[in-house]
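Data from coords-v4.cif: mmCIF, C-alpha atoms and all ligand atoms
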data_work
loop_
_atom_site.label_atom_id
_atom_site.label_comp_id
_atom_site.auth_asym_id
_atom_site.auth_seq_id
_atom_site.Cartn_x
_atom_site.Cartn_y
_atom_site.Cartn_z
CA MET G 1 93.43 103.57 119.08
CA ALA G 2 92.52 106.83 120.83
CA ALA G 3 92.69 106.77 124.63
CA THR G 4 89.34 106.95 126.49
CA SER G 5 90.23 110.38 127.92
CA ASN G 6 90.55 111.69 124.33
CA LEU G 7 87.19 110.21 123.38
CA GLU G 8 85.58 111.99 126.33
CA ASP G 9 86.66 115.27 124.80
CA VAL G 10 85.07 114.48 121.42
CA PRO G 11 81.70 116.27 120.96
CA SER G 12 78.71 113.86 121.09
CA THR G 13 77.50 114.89 117.63
CA ASP G 14 80.90 113.91 116.14
CA LEU G 15 80.81 110.55 117.95
CA MET G 16 77.25 109.89 116.71
CA THR G 17 78.17 110.82 113.14
CA GLU G 18 81.14 108.44 113.25
CA LEU G 19 79.00 105.69 114.78
CA LEU G 20 76.36 106.05 112.05
CA ARG G 21 79.09 106.03 109.39
CA ARG G 22 80.53 102.81 110.81
CA MET G 23 77.08 101.18 110.93
CA LYS G 24 76.51 102.08 107.27
CA CYS G 25 79.98 100.81 106.37
CA ALA G 26 79.42 97.44 108.06
CA THR G 27 76.94 96.54 105.28
CA LYS G 28 79.34 97.43 102.43
CA PRO G 29 81.36 94.79 100.63
CA ASP G 30 85.18 94.91 100.96
CA LYS G 31 86.93 96.31 97.88
CA ARG G 32 90.56 96.64 96.85
CA LEU G 33 90.87 99.05 93.99
CA ILE G 34 93.57 100.62 91.86
CA LEU G 35 92.99 103.87 89.94
CA VAL G 36 95.33 104.27 87.00
CA GLY G 37 95.48 107.02 84.40
CA PRO G 38 97.63 109.89 83.17
CA PRO G 39 98.03 113.16 85.11
CA GLY G 40 94.76 115.09 85.15
CA SER G 41 92.62 112.15 84.09
CA GLY G 42 90.37 112.55 87.17
CA LYS G 43 91.68 109.93 89.64
CA GLY G 44 91.83 112.42 92.51
CA THR G 45 88.40 113.82 91.61
CA GLN G 46 86.63 110.44 91.69
CA SER G 47 88.54 108.94 94.65
CA PRO G 48 86.70 110.79 97.48
CA ILE G 49 83.33 109.77 95.97
CA ILE G 50 84.34 106.08 95.82
CA LYS G 51 85.89 106.31 99.30
CA ASP G 52 82.64 107.59 100.85
CA GLU G 53 80.43 105.17 98.92
CA TYR G 54 82.39 102.03 99.85
CA CYS G 55 84.09 103.11 103.13
CA LEU G 56 87.59 102.52 101.81
CA CYS G 57 90.84 104.27 102.65
CA HIS G 58 92.22 106.53 99.92
CA LEU G 59 95.97 106.19 99.50
CA ALA G 60 97.38 108.68 96.99
CA THR G 61 101.15 108.34 96.72
CA GLY G 62 101.43 111.80 95.12
CA ASP G 63 99.69 113.43 98.14
CA MET G 64 101.82 111.43 100.59
CA LEU G 65 105.02 112.41 98.80
CA ARG G 66 104.03 116.09 98.61
CA ALA G 67 103.31 116.06 102.38
CA ALA G 68 106.77 114.54 102.95
CA VAL G 69 108.40 117.17 100.70
CA SER G 70 106.75 120.07 102.51
CA ALA G 71 107.63 118.58 105.93
CA LYS G 72 111.23 118.09 104.67
CA THR G 73 111.33 114.51 105.99
CA PRO G 74 114.15 112.21 104.76
CA LEU G 75 111.61 110.67 102.32
CA GLY G 76 110.59 114.13 101.07
CA ILE G 77 114.20 115.21 100.58
CA LYS G 78 114.83 112.11 98.44
CA ALA G 79 111.61 112.53 96.41
CA LYS G 80 111.64 116.31 95.76
CA GLU G 81 113.93 116.52 92.73
CA ALA G 82 112.25 113.73 90.71
CA MET G 83 108.78 115.14 91.46
CA GLU G 84 109.67 118.65 90.35
CA LYS G 85 111.02 117.26 87.06
CA GLY G 86 107.91 115.14 86.50
CA GLU G 87 109.85 111.90 86.83
CA LEU G 88 108.89 108.93 89.00
CA VAL G 89 110.52 108.55 92.41
CA SER G 90 112.22 105.24 93.15
CA ASP G 91 110.11 102.10 93.52
CA ASP G 92 111.56 101.35 96.96
CA LEU G 93 110.40 104.69 98.40
CA VAL G 94 106.78 104.37 97.30
CA VAL G 95 106.48 100.65 98.05
CA GLY G 96 107.62 101.41 101.62
CA ILE G 97 104.99 104.11 102.16
CA ILE G 98 102.17 101.97 100.77
CA ASP G 99 103.17 98.94 102.84
CA GLU G 100 103.04 101.11 105.97
CA ALA G 101 99.80 102.91 105.02
CA LEU G 102 97.90 99.66 104.37
CA LYS G 103 98.20 98.84 108.08
CA LYS G 104 95.85 101.73 108.98
CA PRO G 105 92.52 100.66 110.55
CA SER G 106 90.69 102.79 107.95
CA CYS G 107 91.97 100.35 105.27
CA GLN G 108 90.22 97.41 106.96
CA LYS G 109 87.35 97.31 104.43
CA GLY G 110 89.72 97.80 101.54
CA PHE G 111 91.50 100.61 99.75
CA ILE G 112 91.73 102.89 96.76
CA LEU G 113 95.27 103.14 95.47
CA ASP G 114 95.49 106.41 93.52
CA GLY G 115 98.74 106.77 91.60
CA PHE G 116 100.17 103.42 92.73
CA PRO G 117 101.41 101.07 91.29
CA ARG G 118 103.04 103.12 88.55
CA THR G 119 105.61 100.55 87.38
CA VAL G 120 105.42 96.79 86.87
CA VAL G 121 107.94 96.35 89.71
CA GLN G 122 105.56 98.26 92.03
CA ALA G 123 102.66 96.04 90.87
CA GLN G 124 104.67 92.90 91.63
CA LYS G 125 105.64 94.23 95.08
CA LEU G 126 101.98 95.07 95.77
CA ASP G 127 101.01 91.51 94.87
CA GLU G 128 103.56 90.24 97.40
CA MET G 129 102.28 92.62 100.11
CA LEU G 130 98.68 91.55 99.55
CA GLU G 131 99.55 87.86 99.35
CA ASN G 132 101.18 88.18 102.79
CA ARG G 133 97.88 89.64 104.04
CA GLY G 134 95.81 86.94 102.30
CA THR G 135 94.10 89.38 99.90
CA LYS G 136 94.35 90.57 96.30
CA VAL G 137 93.37 93.45 94.01
CA ASP G 138 89.69 93.24 92.98
CA LYS G 139 89.48 95.84 90.24
CA VAL G 140 91.64 98.30 88.30
CA LEU G 141 89.85 101.41 87.02
CA ASN G 142 91.66 102.68 83.93
CA PHE G 143 90.99 106.40 83.34
CA ALA G 144 91.45 106.37 79.56
CA ILE G 145 91.83 109.81 78.00
CA ASP G 146 93.65 111.48 75.13
CA ASP G 147 96.82 113.45 76.07
CA ALA G 148 95.57 116.52 74.18
CA ILE G 149 92.83 117.17 76.78
CA LEU G 150 95.14 117.08 79.78
CA GLU G 151 97.07 120.34 79.51
CA GLU G 152 93.95 122.46 80.07
CA ARG G 153 92.92 120.27 83.03
CA ILE G 154 96.36 120.40 84.66
CA THR G 155 97.17 124.09 84.18
CA GLY G 156 93.69 125.14 85.40
CA ARG G 157 93.78 123.05 88.57
CA TRP G 158 93.80 124.74 92.01
CA ILE G 159 94.14 122.85 95.30
CA HIS G 160 93.28 123.42 98.95
CA PRO G 161 96.43 121.86 100.45
CA SER G 162 95.20 120.82 103.90
CA SER G 163 92.00 119.04 102.74
CA GLY G 164 93.14 117.99 99.24
CA ARG G 165 89.99 119.55 97.72
CA THR G 166 90.55 120.18 94.02
CA TYR G 167 89.09 122.93 91.85
CA HIS G 168 89.41 123.96 88.22
CA THR G 169 89.13 127.51 86.90
CA LYS G 170 86.81 126.32 84.09
CA PHE G 171 85.45 122.86 84.98
CA ALA G 172 85.01 123.12 88.78
CA PRO G 173 85.48 126.75 89.88
CA PRO G 174 85.41 127.67 93.60
CA LYS G 175 82.57 129.97 94.74
CA ALA G 176 85.05 132.84 95.16
CA PRO G 177 88.18 132.90 92.98
CA GLY G 178 91.33 131.61 94.69
CA VAL G 179 89.73 130.50 97.97
CA ASP G 180 88.46 127.18 99.34
CA ASP G 181 84.63 126.90 99.48
CA VAL G 182 84.62 125.31 102.96
CA THR G 183 87.35 127.11 104.91
CA GLY G 184 87.87 130.31 102.92
CA GLU G 185 91.61 129.57 102.95
CA PRO G 186 93.75 130.34 99.88
CA LEU G 187 94.10 127.79 97.06
CA ILE G 188 97.48 126.93 95.54
CA GLN G 189 98.77 125.50 92.26
CA ARG G 190 101.07 122.47 92.30
CA LYS G 191 104.69 123.13 91.26
CA ASP G 192 104.52 120.32 88.68
CA ASP G 193 101.25 121.57 87.14
CA THR G 194 102.91 123.39 84.25
CA ALA G 195 102.73 122.54 80.54
CA ALA G 196 106.49 121.83 80.49
CA VAL G 197 106.53 119.40 83.45
CA LEU G 198 103.32 117.77 82.18
CA LYS G 199 105.29 116.61 79.13
CA SER G 200 107.71 114.61 81.33
CA ARG G 201 104.84 113.27 83.47
CA LEU G 202 103.04 112.02 80.35
CA GLU G 203 106.25 110.47 79.05
CA ALA G 204 106.67 108.62 82.35
CA PHE G 205 103.04 107.49 82.19
CA HIS G 206 103.28 106.05 78.67
CA LYS G 207 106.65 104.40 79.20
CA GLN G 208 106.44 103.14 82.77
CA THR G 209 102.77 103.02 83.79
CA GLU G 210 100.92 101.78 80.70
CA PRO G 211 102.61 98.35 81.09
CA VAL G 212 100.90 98.18 84.51
CA ILE G 213 97.52 98.26 82.74
CA ASP G 214 98.63 95.29 80.57
CA TYR G 215 99.83 93.50 83.72
CA TYR G 216 96.33 93.62 85.24
CA SER G 217 94.49 93.17 81.90
CA LYS G 218 95.96 89.66 81.71
CA ARG G 219 94.04 88.90 84.92
CA GLY G 220 90.79 90.26 83.47
CA ILE G 221 90.27 92.83 86.25
CA VAL G 222 90.64 96.10 84.29
CA ALA G 223 87.56 98.30 83.70
CA ASN G 224 88.15 100.97 81.04
CA LEU G 225 86.48 104.32 81.73
CA GLN G 226 85.97 107.15 79.26
CA ALA G 227 87.66 109.78 81.41
CA ASP G 228 87.16 112.57 78.85
CA LYS G 229 83.47 112.80 79.76
CA PRO G 230 82.12 115.32 82.36
CA PRO G 231 82.76 114.34 86.02
CA GLN G 232 79.16 113.18 86.63
CA ASP G 233 79.34 110.81 83.65
CA VAL G 234 82.69 109.43 84.80
CA LYS G 235 81.13 108.90 88.24
CA SER G 236 78.33 106.84 86.64
CA GLU G 237 80.88 104.76 84.73
CA VAL G 238 82.77 104.12 87.98
CA GLN G 239 79.55 103.03 89.72
CA LYS G 240 78.74 100.66 86.85
CA ALA G 241 82.25 99.18 86.93
CA LEU G 242 82.04 98.57 90.69
CA SER G 243 78.50 97.20 90.86
P1 LIG R 1 100.35 112.41 91.50
O1 LIG R 1 100.02 113.38 92.55
O2 LIG R 1 99.83 111.01 91.62
O3 LIG R 1 99.91 113.05 90.11
P2 LIG R 1 99.32 112.42 88.78
O4 LIG R 1 99.22 110.98 88.64
O5 LIG R 1 100.12 113.12 87.77
O6 LIG R 1 97.85 112.75 88.89
P3 LIG R 1 97.18 114.10 89.12
O7 LIG R 1 96.97 114.32 90.59
O8 LIG R 1 97.88 115.21 88.40
O9 LIG R 1 95.80 113.89 88.33
P4 LIG R 1 94.41 113.26 88.72
O10 LIG R 1 94.15 112.13 87.78
O11 LIG R 1 94.27 112.99 90.19
O12 LIG R 1 93.48 114.49 88.27
P5 LIG R 1 92.41 115.34 89.07
O13 LIG R 1 91.28 114.48 89.51
O14 LIG R 1 93.07 116.21 90.13
O15 LIG R 1 101.93 112.27 91.33
C1 LIG R 1 102.79 113.40 91.35
C2 LIG R 1 104.24 112.95 91.31
O16 LIG R 1 104.55 112.13 92.47
C3 LIG R 1 104.64 112.05 90.12
O17 LIG R 1 104.96 112.82 88.98
C4 LIG R 1 105.86 111.31 90.72
O18 LIG R 1 107.01 112.11 90.70
C5 LIG R 1 105.46 111.08 92.15
N1 LIG R 1 104.77 109.78 92.37
C6 LIG R 1 103.49 109.62 92.80
N2 LIG R 1 103.18 108.30 92.88
C7 LIG R 1 104.29 107.62 92.48
C8 LIG R 1 104.59 106.24 92.33
N3 LIG R 1 103.68 105.29 92.62
N4 LIG R 1 105.82 105.90 91.89
C9 LIG R 1 106.76 106.85 91.62
N5 LIG R 1 106.53 108.18 91.73
C10 LIG R 1 105.32 108.56 92.16
O19 LIG R 1 91.89 116.29 87.88
C11 LIG R 1 92.71 117.28 87.30
C12 LIG R 1 91.89 118.57 87.06
O20 LIG R 1 90.86 118.30 86.11
C13 LIG R 1 91.18 119.09 88.31
O21 LIG R 1 91.27 120.49 88.35
C14 LIG R 1 89.73 118.62 88.17
O22 LIG R 1 88.82 119.53 88.75
C15 LIG R 1 89.56 118.52 86.65
N6 LIG R 1 88.73 117.37 86.27
C16 LIG R 1 88.74 116.13 86.80
N7 LIG R 1 87.87 115.32 86.16
C17 LIG R 1 87.31 116.08 85.17
C18 LIG R 1 86.35 115.81 84.14
N8 LIG R 1 85.79 114.59 84.02
N9 LIG R 1 86.04 116.81 83.28
C19 LIG R 1 86.61 118.04 83.40
N10 LIG R 1 87.51 118.36 84.36
C20 LIG R 1 87.88 117.38 85.24
#
Would you kindly transcribe this structure into structure tokens?
Ligand code: AP5
Amino acid sequence: MAATSNLEDVPSTDLMTELLRRMKCATKPDKRLILVGPPGSGKGTQSPIIKDEYCLCHLATGDMLRAAVSAKTPLGIKAKEAMEKGELVSDDLVVGIIDEALKKPSCQKGFILDGFPRTVVQAQKLDEMLENRGTKVDKVLNFAIDDAILEERITGRWIHPSSGRTYHTKFAPPKAPGVDDVTGEPLIQRKDDTAAVLKSRLEAFHKQTEPVIDYYSKRGIVANLQADKPPQDVKSEVQKALS
């Protein structure tokens, strides 16, 4: 928790905004969600909308790993090679970061896991973690989409690294080409967002992650979304699945 002296330095308008947000959040039901789908299926696009609507924390293992790679932490050094090849990093590494991240106060009302679990072993470990906390997964949103659509989505994606805002040259262009709408800072493309690496990422998805959908289907908590629709339509499907 921030020390009082730090709070004194926070502008009153920021404090009021945060207070109002917390009051709104107090009326929202707790939710523990998993977003699963192939690369480019729209998990990262829908997550911030769900996060704001339900006051959940958004834990994206891909973003966490990329931050570790660019900071050259021991975790990042271990993860870099697999990520650049489009392969999954080891279960132990990602389970560790999720276990730690779930302790954050912002996860108190629940969470959105985006890109985790990606193997059945990760799903089993998540069950153990949640059981220890006396909770469980409420819903799994399956972003179902044909592989053929994904190359255009992935190769046209541009990212503002510090905020995580995502753009697309055709489907969600920034106001000015190559720069973030809010800060005016330059946008970048992810190293693994090439047609060649996408092939390996899709292979990993079909082989290692699809069984995760079966794992949760047996519990009757999977909602299938038609992720090939425009973003607004996918948003409506998400709202329906969570209502
Ligand atoms: P990660 O970062 O999780 O990548 P991913 O799963 O491949 O997902 P993406 O971020 O590529 O896609 P998205 O579904 O979020 O799509 P988005 O909304 O941006 O993982 C990267 C790597 O980290 C992995 O390969 C692995 O090495 C490692 N890793 C991560 N987690 C791991 C784990 N648990 N275990 C082991 N290894 C792990 O959309 C894409 C584009 O399409 C955007 O430009 C967007 O604007 C556009 N778009 C979105 N929705 C629509 C729509 N409805 N219509 C048109 N365009 C759309």
| request: List every protein, DNA or RNA residue with an atom no more than 6 Å from (83.8, 96.2, 101.7) in the file's coordinates, counting all atoms listed in the file, and format the result as a count of residues only. | output: 5
Write out as a PDB file with C-alpha atoms, keeping the file's coordinate frame the residues lying within 9 Å of Ala204 (chain G), counting only C-alpha atoms and excluding same-chain residues fewer than 4 positions away.
ATOM      1  CA  GLY G  86     107.910 115.140  86.500  1.00  0.00           C
ATOM      2  CA  GLU G  87     109.850 111.900  86.830  1.00  0.00           C
ATOM      3  CA  LEU G  88     108.890 108.930  89.000  1.00  0.00           C
ATOM      4  CA  LYS G 199     105.290 116.610  79.130  1.00  0.00           C
ATOM      5  CA  SER G 200     107.710 114.610  81.330  1.00  0.00           C
ATOM      6  CA  GLN G 208     106.440 103.140  82.770  1.00  0.00           C
ATOM      7  CA  THR G 209     102.770 103.020  83.790  1.00  0.00           C
TER       8      THR G 209
END
| query | What gap, in Å, lies between CA of Phe171 (chain G) and CA of Ile154 (chain G)? | reply | 11.2 Å
| request: Identify, on the basis of all atoms listed in the file, every residue whose closest approach to region 66-68 of chain G does not exceed 12 Å; exclude the query and any residue fewer than 4 positions from it along the same chain; express the result as a count of residues only. | output: 27
| said: So the first atom is atom O18 of ligand LIG 1 (chain R) and the second is CA of Lys85 (chain G); what is the distance between them in Å, to one decimal place? | reply: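 If I compute the distance from atom O18 of ligand LIG 1 (chain R) to CA of Lys85 (chain G), I get 7.5 Å.
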| task | Would you please work out which residue, of G:Asp92, G:Asp52, G:Glu8, G:Asp214, is nearest to ligand LIG 1 (chain R) when using only C-alpha atoms and all ligand atoms? | result | G:Asp92
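Between ligand LIG 1 (chain R) and the residues G:Glu100, G:Asp180, G:Glu131, G:Asp91, the shortest atom-to-atom distance, using only C-alpha atoms and all ligand atoms, involves G:Asp91.
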| field | Contacts of region 121-129 of chain G within 10 Å, all atoms listed in the file, excl. fewer than 4 positions in-chain, as a list in words | value |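 Skipping anything fewer than 4 positions along the chain leaves Ser90, Asp91, Asp92, Val94, Val95, Gly96, Ile98, Asp99, Leu102, Phe116, Pro117, Arg133, Gly134, Thr135, Lys136, Val137, Gln208, Thr209, Val212, Ile213, Tyr215 and Tyr216 of chain G.
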| For Glu237 (chain G), the nearest of the candidates G:Trp158, G:Phe143, G:Tyr54, G:Phe111, counting all atoms listed in the file |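 The shortest atom-to-atom distance to Glu237 (chain G) comes from G:Phe143.
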What are the closest atom pairs, with distances in Å to one decimal, for each residue of region 108-186 of chain G lying within 12 Å of region 33-40 of chain G, using all atoms listed in the file, rows by chain and rising residue number, as a Markdown table?
| residue | atom | partner | partner_atom | distance |
| --- | --- | --- | --- | --- |
| G:Lys109 | CA | G:Leu33 | CA | 11.2 |
| G:Gly110 | CA | G:Leu33 | CA | 7.7 |
| G:Phe111 | CA | G:Leu33 | CA | 6.0 |
| G:Ile112 | CA | G:Leu33 | CA | 4.8 |
| G:Leu113 | CA | G:Ile34 | CA | 4.7 |
| G:Asp114 | CA | G:Leu35 | CA | 5.1 |
| G:Gly115 | CA | G:Val36 | CA | 6.2 |
| G:Phe116 | CA | G:Ile34 | CA | 7.2 |
| G:Pro117 | CA | G:Ile34 | CA | 7.9 |
| G:Arg118 | CA | G:Val36 | CA | 7.9 |
| G:Thr119 | CA | G:Val36 | CA | 10.9 |
| G:Ala123 | CA | G:Ile34 | CA | 10.2 |
| G:Leu126 | CA | G:Ile34 | CA | 10.8 |
| G:Thr135 | CA | G:Leu33 | CA | 11.8 |
| G:Lys136 | CA | G:Leu33 | CA | 9.5 |
| G:Val137 | CA | G:Leu33 | CA | 6.1 |
| G:Asp138 | CA | G:Leu33 | CA | 6.0 |
| G:Lys139 | CA | G:Leu33 | CA | 5.1 |
| G:Val140 | CA | G:Ile34 | CA | 4.7 |
| G:Leu141 | CA | G:Leu35 | CA | 4.9 |
| G:Asn142 | CA | G:Val36 | CA | 5.0 |
| G:Phe143 | CA | G:Gly37 | CA | 4.7 |
| G:Ala144 | CA | G:Gly37 | CA | 6.3 |
| G:Ile145 | CA | G:Pro38 | CA | 7.8 |
| G:Asp146 | CA | G:Pro38 | CA | 9.1 |
| G:Asp147 | CA | G:Pro38 | CA | 8.0 |
| G:Ala148 | CA | G:Gly40 | CA | 11.1 |
| G:Ile149 | CA | G:Gly40 | CA | 8.8 |
| G:Leu150 | CA | G:Gly40 | CA | 5.7 |
| G:Glu151 | CA | G:Gly40 | CA | 8.0 |
| G:Glu152 | CA | G:Gly40 | CA | 9.0 |
| G:Arg153 | CA | G:Gly40 | CA | 5.9 |
| G:Ile154 | CA | G:Gly40 | CA | 5.6 |
| G:Thr155 | CA | G:Gly40 | CA | 9.4 |
| G:Gly156 | CA | G:Gly40 | CA | 10.1 |
| G:Arg157 | CA | G:Gly40 | CA | 8.7 |
| G:Trp158 | CA | G:Gly40 | CA | 11.9 |
| G:Thr166 | CA | G:Gly40 | CA | 11.1 |
| G:Tyr167 | CA | G:Gly40 | CA | 11.8 |
| G:His168 | CA | G:Gly40 | CA | 10.8 |
| query | In Å to one decimal, how far is CA of Ala172 (chain G) from atom P1 of ligand LIG 1 (chain R)? | reply | 18.9 Å
Where's the centre, and what are the edge lengths in Å to one decimal, of a box along x, y and z enclosing all listed atoms of ligand LIG 1 (chain R) padded 8 Å per side, as JSON?
{"center_x": 96.4, "center_y": 112.9, "center_z": 88.1, "size_x": 37.2, "size_y": 31.2, "size_z": 25.6}
| said: My list of candidates is G:Val234, G:Pro11, G:Glu53, G:Ala176. Which is closest to Thr27 (chain G) when distances are computed with all atoms listed in the file? | reply: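 Between G:Val234, G:Pro11, G:Glu53, G:Ala176, the residue approaching Thr27 (chain G) most closely is G:Glu53.
Between ligand LIG 1 (chain R) and the residues G:Asp181, G:Glu203, G:Glu210, G:Asp63, the shortest atom-to-atom distance, using only C-alpha atoms and all ligand atoms, involves G:Asp63.
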| Which one is closest to ligand LIG 1 (chain R): G:Arg219, G:Lys51, G:Lys235, G:Arg21? Count all atoms listed in the file. | G:Lys235
| task | List every protein, DNA or RNA residue with an atom no more than 9 Å from (81.9, 94.8, 89.7) in the file's coordinates, counting only C-alpha atoms, and format the result as JSON, numbers by chain. | result | {"G": [138, 139, 223, 239, 240, 241, 242, 243]}
